[in-house]
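Colleague: Okay, here's the structure, questions in a sec.
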Amino acid sequence: MKRMRILFLGDVVGETGRMVFEKHIQQLRQEHQIDALVVNGENSAGSGKGITPQVVEFFKTNGVNVITTGNHIWQKSEIYPYLQANTDLLRPANFPRETPGVGVTTFNCDGVLIGVINIQGRVFMRELLACPFRTVESILIYLKDKTNIIFVDFHAETTSEKMAMGFFLDGKVTGMVGTHTHVQTADERILPGGTAYITDLGMAGSLNSMIGMKKDPIIKQLISQMPTRYMVETEPPYFMTGAWIEFDVQTGKALAISRVRVDDTDEMQIPDSQ
């Protein structure tokens, strides 16, 4: 039996998250014997929302195979041409077909073809999107002729919608990971049909923050109900969370899933890129 491991990292927030990622990713790959790497980068621009071509290049230089995203993918218009011309950066597949980019891709890892699907939930999300369940079901028809090793990043707000998608996909994909809430959940497991599942991967950034952002303005907004400007937190301590999935190359079934977490108390010189 040939086994491989793929590591998924949750939302990398701003320059803070990128610096934590860059500092620890190689050691993390060696420690857990990782073969491939998928990162959610929708918040990785300096402002903490969106992504730029320069940030995509940063991730690729650091060994990322595919970058997934979510509802913040449209924040930086300079990424639109990149989305149009490349498939290593995904936007959710259930956005309208007129939007730039694609929501599914494949990549080769040591001679093994791996499929990745990016999809977005609808519960408590502002966008009016196509049904994520029907969309991913349609994509699977396309992918199954290419590979039986398929992973899904489901970018959604509620645990219930993510769990529903996990059970919907059980036995049809190798693994489903959730993103968007930036809070790592402790429910990783192999579902009855052989699909690895975790409700949310978490994030990379500053620990004493609110989903990577400075907390005081957000608390003030919640109390006053007045608009505020969100700013990426740069102060230590820092952390990065995600999960790796081990799978059987022949069957495409998941064999194991494990959460990962890196903590860092060292202060970093993070530019103010707000």
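Just so we're on the same page: first chain in the structure tokens is A, next is B, and so on; residues restart at 1 for each chain, and ligands are numbered from 1 in the order they show up.
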According to DSSP computed on the backbone, where in region 136-194 of chain A is there strand (DSSP E)? Give the residues as a PyMOL selection string.

Modeller: chain A and resi 150-155+175-179+189-190

Colleague: From a backbone DSSP assignment, name each residue in region 152-186 of chain A labelled helix (DSSP H, G or I), as a PyMOL selection string.

Modeller: chain A and resi 159-169

Colleague: Selection from above, N, CA and C atoms, as a PDB file, in the first residue's frame, can you write it?

Modeller:
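Now in out-v3.pdb:
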ATOM      1  N   THR A 159     -21.145  25.388  11.592  1.00  0.00           N
ATOM      2  CA  THR A 159     -20.714  24.006  11.753  1.00  0.00           C
ATOM      3  C   THR A 159     -21.717  23.032  11.142  1.00  0.00           C
ATOM      4  N   SER A 160     -22.991  23.375  11.218  1.00  0.00           N
ATOM      5  CA  SER A 160     -24.014  22.455  10.710  1.00  0.00           C
ATOM      6  C   SER A 160     -23.915  22.286   9.195  1.00  0.00           C
ATOM      7  N   GLU A 161     -23.683  23.390   8.473  1.00  0.00           N
ATOM      8  CA  GLU A 161     -23.569  23.281   7.014  1.00  0.00           C
ATOM      9  C   GLU A 161     -22.314  22.503   6.631  1.00  0.00           C
ATOM     10  N   LYS A 162     -21.232  22.727   7.376  1.00  0.00           N
ATOM     11  CA  LYS A 162     -20.001  21.995   7.084  1.00  0.00           C
ATOM     12  C   LYS A 162     -20.164  20.506   7.380  1.00  0.00           C
ATOM     13  N   MET A 163     -20.807  20.184   8.495  1.00  0.00           N
ATOM     14  CA  MET A 163     -21.015  18.773   8.812  1.00  0.00           C
ATOM     15  C   MET A 163     -21.918  18.106   7.786  1.00  0.00           C
ATOM     16  N   ALA A 164     -22.924  18.837   7.331  1.00  0.00           N
ATOM     17  CA  ALA A 164     -23.812  18.292   6.300  1.00  0.00           C
ATOM     18  C   ALA A 164     -23.027  17.983   5.029  1.00  0.00           C
ATOM     19  N   MET A 165     -22.123  18.895   4.651  1.00  0.00           N
ATOM     20  CA  MET A 165     -21.316  18.657   3.455  1.00  0.00           C
ATOM     21  C   MET A 165     -20.380  17.473   3.663  1.00  0.00           C
ATOM     22  N   GLY A 166     -19.830  17.349   4.869  1.00  0.00           N
ATOM     23  CA  GLY A 166     -18.958  16.219   5.143  1.00  0.00           C
ATOM     24  C   GLY A 166     -19.659  14.887   4.952  1.00  0.00           C
ATOM     25  N   PHE A 167     -20.854  14.761   5.508  1.00  0.00           N
ATOM     26  CA  PHE A 167     -21.602  13.512   5.358  1.00  0.00           C
ATOM     27  C   PHE A 167     -22.102  13.322   3.923  1.00  0.00           C
ATOM     28  N   PHE A 168     -22.420  14.421   3.255  1.00  0.00           N
ATOM     29  CA  PHE A 168     -22.844  14.352   1.853  1.00  0.00           C
ATOM     30  C   PHE A 168     -21.722  13.796   0.970  1.00  0.00           C
ATOM     31  N   LEU A 169     -20.483  14.172   1.299  1.00  0.00           N
ATOM     32  CA  LEU A 169     -19.339  13.765   0.493  1.00  0.00           C
ATOM     33  C   LEU A 169     -18.679  12.485   0.990  1.00  0.00           C
TER      34      LEU A 169
END

Colleague: Find the spatial neighbours of Asp248 (chain A), counting only C-alpha atoms, within a cut-off of 6 Å - ignore same-chain residues fewer than 3 positions away - and output them as JSON, numbers by chain.

Modeller: {"A": [2, 3, 251, 252, 253]}

Colleague: Mind giving me the straight-line distance from CA of Val102 (chain A) to CA of Ile34 (chain A) in Å, one decimal?

Modeller: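 CA of Val102 (chain A) sits 25.7 Å away from CA of Ile34 (chain A).
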
Colleague: Tell me, as a PyMOL selection string, which residues lie within 8 Å of region 35-43 of chain A, counting only C-alpha atoms; anything in the same chain fewer than 2 positions away does not count.

Modeller: chain A and resi 4-14+29+33+45+47-51+63-73+109+179

Colleague: Using N, CA and C atoms, can you export the residues from the last selection as a compact mmCIF listing (two decimals), in the first residue's frame?

Modeller:
# COMPACT_ATOMS: atom_id res chain seq x y z
N MET A 4 0.37 8.57 1.17
CA MET A 4 0.87 9.93 1.05
C MET A 4 0.17 10.79 2.09
N ARG A 5 0.79 11.93 2.39
CA ARG A 5 0.19 12.88 3.33
C ARG A 5 0.11 14.26 2.70
N ILE A 6 -1.03 14.89 2.89
CA ILE A 6 -1.25 16.25 2.41
C ILE A 6 -1.62 17.12 3.61
N LEU A 7 -0.99 18.28 3.71
CA LEU A 7 -1.22 19.21 4.82
C LEU A 7 -2.10 20.36 4.35
N PHE A 8 -3.14 20.65 5.13
CA PHE A 8 -4.02 21.78 4.87
C PHE A 8 -3.86 22.80 6.00
N LEU A 9 -3.64 24.06 5.64
CA LEU A 9 -3.52 25.12 6.62
C LEU A 9 -4.66 26.10 6.46
N GLY A 10 -5.22 26.53 7.60
CA GLY A 10 -6.35 27.45 7.58
C GLY A 10 -5.94 28.86 7.19
N ASP A 11 -6.88 29.76 7.22
CA ASP A 11 -6.72 31.12 6.69
C ASP A 11 -5.45 31.80 7.22
N VAL A 12 -4.55 32.12 6.31
CA VAL A 12 -3.33 32.86 6.65
C VAL A 12 -3.68 34.34 6.63
N VAL A 13 -3.57 35.02 7.78
CA VAL A 13 -4.08 36.39 7.92
C VAL A 13 -2.95 37.42 7.82
N GLY A 14 -2.97 38.19 6.73
CA GLY A 14 -2.07 39.31 6.56
C GLY A 14 -0.60 38.94 6.57
N ARG A 29 6.63 20.47 7.67
CA ARG A 29 6.60 19.46 6.61
C ARG A 29 7.50 18.28 6.95
N GLN A 33 6.17 14.57 7.78
CA GLN A 33 6.40 13.83 6.53
C GLN A 33 5.34 14.16 5.48
N ALA A 45 -3.36 39.00 2.04
CA ALA A 45 -2.82 40.31 1.66
C ALA A 45 -2.52 41.12 2.92
N SER A 47 -3.59 43.81 4.15
CA SER A 47 -4.75 44.35 4.86
C SER A 47 -5.54 43.29 5.60
N GLY A 48 -5.22 42.02 5.33
CA GLY A 48 -5.96 40.93 5.95
C GLY A 48 -7.19 40.50 5.18
N LYS A 49 -7.39 41.08 4.01
CA LYS A 49 -8.48 40.67 3.13
C LYS A 49 -7.97 40.61 1.70
N GLY A 50 -8.28 39.51 1.03
CA GLY A 50 -7.86 39.36 -0.35
C GLY A 50 -6.46 38.77 -0.48
N ILE A 51 -6.01 38.67 -1.72
CA ILE A 51 -4.70 38.13 -2.05
C ILE A 51 -4.21 38.81 -3.32
N GLY A 63 6.55 26.30 -1.35
CA GLY A 63 6.15 24.91 -1.54
C GLY A 63 4.67 24.62 -1.55
N VAL A 64 3.82 25.65 -1.65
CA VAL A 64 2.38 25.42 -1.68
C VAL A 64 1.96 24.93 -3.07
N ASN A 65 1.20 23.85 -3.11
CA ASN A 65 0.73 23.30 -4.38
C ASN A 65 -0.52 23.99 -4.89
N VAL A 66 -1.47 24.25 -3.98
CA VAL A 66 -2.73 24.90 -4.37
C VAL A 66 -3.13 25.88 -3.27
N ILE A 67 -3.65 27.04 -3.68
CA ILE A 67 -4.17 28.04 -2.74
C ILE A 67 -5.68 28.10 -2.91
N THR A 68 -6.40 27.87 -1.84
CA THR A 68 -7.85 28.00 -1.86
C THR A 68 -8.25 29.34 -1.25
N THR A 69 -9.50 29.74 -1.45
CA THR A 69 -9.94 31.05 -0.96
C THR A 69 -11.39 30.97 -0.49
N GLY A 70 -12.07 32.11 -0.55
CA GLY A 70 -13.46 32.18 -0.12
C GLY A 70 -14.06 33.52 -0.52
N ASN A 71 -14.91 34.05 0.33
CA ASN A 71 -15.67 35.25 -0.03
C ASN A 71 -14.82 36.51 -0.15
N HIS A 72 -13.59 36.52 0.39
CA HIS A 72 -12.74 37.70 0.30
C HIS A 72 -11.82 37.69 -0.92
N ILE A 73 -11.97 36.73 -1.80
CA ILE A 73 -11.09 36.62 -2.96
C ILE A 73 -11.16 37.85 -3.86
N CYS A 109 1.79 15.16 -7.79
CA CYS A 109 2.70 15.05 -6.65
C CYS A 109 3.39 13.70 -6.70
N THR A 179 -13.04 25.87 6.29
CA THR A 179 -12.33 27.12 6.56
C THR A 179 -13.35 28.23 6.75

Colleague: Which residues are near Ile119 (chain A)? Cut-off 6 Å, only C-alpha atoms, ignore same chain within fewer than 3 positions. Put them as a PDB file with C-alpha atoms, in the first residue's frame.

Modeller:
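The resulting file, part11.pdb, is shown below:
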ATOM      1  CA  PRO A  92     -15.216  28.971  -4.783  1.00  0.00           C
ATOM      2  CA  ALA A  93     -16.700  26.925  -7.613  1.00  0.00           C
ATOM      3  CA  PHE A 154     -15.579  24.092   2.186  1.00  0.00           C
TER       4      PHE A 154
END

Colleague: Identify which of the residues A:Ala85, A:Met268, A:Ile211, A:Met1 lies closest to Glu235 (chain A), counting only C-alpha atoms when measuring atom-to-atom distances.

Modeller: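 Closest candidate: A:Met268.
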
Colleague: By how many Å are CA of Gly17 (chain A) and CA of Met231 (chain A) apart?

Modeller: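 Straight-line distance from CA of Gly17 (chain A) to CA of Met231 (chain A) works out to 13.1 Å.
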
Colleague: So how many Å separate CA of Ala156 (chain A) and CA of Glu78 (chain A), to one decimal?

Modeller: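 Spanning CA of Ala156 (chain A) to CA of Glu78 (chain A) is a straight-line distance of 24.7 Å.
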
Colleague: Of the residues A:Pro96, A:Gly115, A:Gly175, A:Pro132, which is the one nearest to Lys146 (chain A), using only C-alpha atoms?

Modeller: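 With only C-alpha atoms as the atom set, the closest residue is A:Gly115.
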
Colleague: Write out as a VMD selection string which residues come within 7 Å of Asn62 (chain A) when counting only C-alpha atoms, dropping same-chain ones fewer than 3 positions away.

Modeller: chain A and resid 22 58 to 59

Colleague: Pick from A:Thr174, A:Ser44, A:Asn86, A:Gln120: nearest to Gly212 (chain A), with only C-alpha atoms counted?

Modeller: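 Distance minimum relative to Gly212 (chain A) lands on A:Ser44.
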
Colleague: Find, counting only C-alpha atoms, the residue in A:Leu28, A:Val152, A:Val260, A:Val116 that gets nearest to Phe133 (chain A).

Modeller: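 Among the listed residues, A:Val152 lies closest to Phe133 (chain A).
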
Colleague: Considering only C-alpha atoms, return as a ChimeraX atom specification whatever protein or nucleic-acid residues lie within 10 Å of Ile219 (chain A), sequence-local ones (same chain, fewer than 5 positions apart) excluded.

Modeller: /A:210,214,224-225,228
